[in-house]
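Structure first, commentary second.
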Amino acid sequence: MEAIILNEYGAADNLQLADLEKPQIKKDEVLVKVKAISINPVDVKSRAHDWILSWLFGEERPVILGWDISGVVVEKGTEVSDLVIGDEVFGMVNFFGKGNAYAEYVAVPANQLALKPTNVSHEEAAGATLAASTAYQALVNVAKIKRGDRVLIHAASGGVGHFAVQLARYFGAYVIGTSSAKNKEFLLSLGVDEHIDYTGEGIAAIGEKVDIVIDTIAGDTLYKSIEVVRNGGIIVTLVSHDIPPSILEKAKEHGVNVEFMMVASSGETMKEIASLLYKGVVKSSIHKVFPFREMSKAHAEVETNRVVGKVIVTL
């Protein structure tokens, strides 16, 4: 099978095409013939930084990056009962670990997958895996979102952000999204009630305080966000588990809870997202699509930090 391998960290050109044996599946796994892959910022950071690559893979080289797939089941393990050969499925594979998604065939634990909705393309399904799971778990599992909450979403036009906007709207929240002015209309089309241009006055323009903040930026943005959260509210930060003491101290003074969350592979989350995709409640916005052999170009596109929605690679 064709796969994209990485022998050492560095530039996008370090991603190389290789011919490898198809993976062997375990009793609880299925083999998926991949149709589409979603590229996330974590893919790019893992490729570019030695410490992340080593954290994930140790000394193993070469490695296969990637976690987000949509495709077709072509083999199933003896303990798999809820999927059959020919099923179209999508999911986030073994995150945060070895997903090995940049390949024609991927071995996946069956309990991390959901059936792809029939009204959604493989490209759209692949886009709604890690990013949509992150938004869902942050809002539902951590922040415990409820109808009437005021929710501030940073980088709302990005991968996680554009799903968080749609999900928060679905759960009945008042949604405030930050982005540059050029993405205002896009966010309004997703259902934000209020747009904040981060290049202008920024979140200082927010009047009534918010209940929930979804932080995808950290740093000064996280620090300033504390001031716009009500006493008893929560900031879910998705960027770094090492929250600076200055931020924790300020949050305590304001009665604000700051929690780091890392998304985890979950078939239950994927099934919830599949249902929302089928109903049209949530949609993947596809920024650009690249062929498999142009994986390095897909990485370079994500590195521009100007992606609206998702970058997809197809096989």
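Letters A, B, ... go to the chains of the structure tokens in the order shown; residues in each chain start at 1; ligands are counted from 1 in the same order.
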
Quick one: everything within 9 Å of Glu259 in chain A, counting only C-alpha atoms, minus sequence neighbours fewer than 6 positions away in the same chain. Send it as a list in words.
Val142, Ile234, Ile235, Val236, Thr237, Leu238, His241 and Ile243 of chain A

Need to verify the contact set: Lys144 in chain A, 10 Å, only C-alpha atoms, exclusion of same-chain residues closer than 6 positions in sequence. Can you return it as an NGL selection string?
:A and (137-138 or 212 or 234)

So which residues of range 19-236 of chain A fall under strand (DSSP E or B) by DSSP, listed as a ChimeraX atom specification?
/A:19,29-39,63,68-76,88-92,103,105-109,113-115,150-153,174-179,194-197,210-215,229-236

Selection: 9 Å around Asn14 in chain A, only C-alpha atoms, excl. self and same-chain fewer than 5 positions, as a PyMOL selection string
chain A and resi 5-9+47+296

I'd like the neighbourhood of Lys182 in chain A as a short mmCIF file (atom, residue, chain, number, x, y, z; two decimals) with N, CA and C atoms, in the first residue's frame, where a residue qualifies if any of its atoms comes within 12 Å (using only C-alpha atoms), though same-chain residues fewer than 6 positions away should be ignored.
data_model
loop_
_atom_site.label_atom_id
_atom_site.label_comp_id
_atom_site.auth_asym_id
_atom_site.auth_seq_id
_atom_site.Cartn_x
_atom_site.Cartn_y
_atom_site.Cartn_z
N SER A 157 -13.41 30.68 13.18
CA SER A 157 -13.49 30.26 11.78
C SER A 157 -12.56 29.09 11.48
N LEU A 188 -21.16 34.47 10.64
CA LEU A 188 -22.59 34.79 10.70
C LEU A 188 -23.41 33.71 10.01
N HIS A 195 -20.11 38.87 16.45
CA HIS A 195 -18.76 38.66 15.93
C HIS A 195 -17.81 39.68 16.54
N ILE A 196 -16.62 39.20 16.92
CA ILE A 196 -15.59 40.06 17.48
C ILE A 196 -14.37 40.02 16.56
N ASP A 197 -13.94 41.17 16.07
CA ASP A 197 -12.73 41.26 15.26
C ASP A 197 -11.54 41.35 16.20
N TYR A 198 -10.75 40.27 16.24
CA TYR A 198 -9.63 40.25 17.19
C TYR A 198 -8.54 41.26 16.83
N THR A 199 -8.56 41.77 15.59
CA THR A 199 -7.56 42.76 15.19
C THR A 199 -7.98 44.17 15.60
N ARG A 306 -4.16 30.45 8.09
CA ARG A 306 -5.24 31.23 7.48
C ARG A 306 -6.34 30.30 6.95
N VAL A 308 -9.75 28.45 6.82
CA VAL A 308 -11.14 28.60 7.26
C VAL A 308 -11.82 27.24 7.10
#
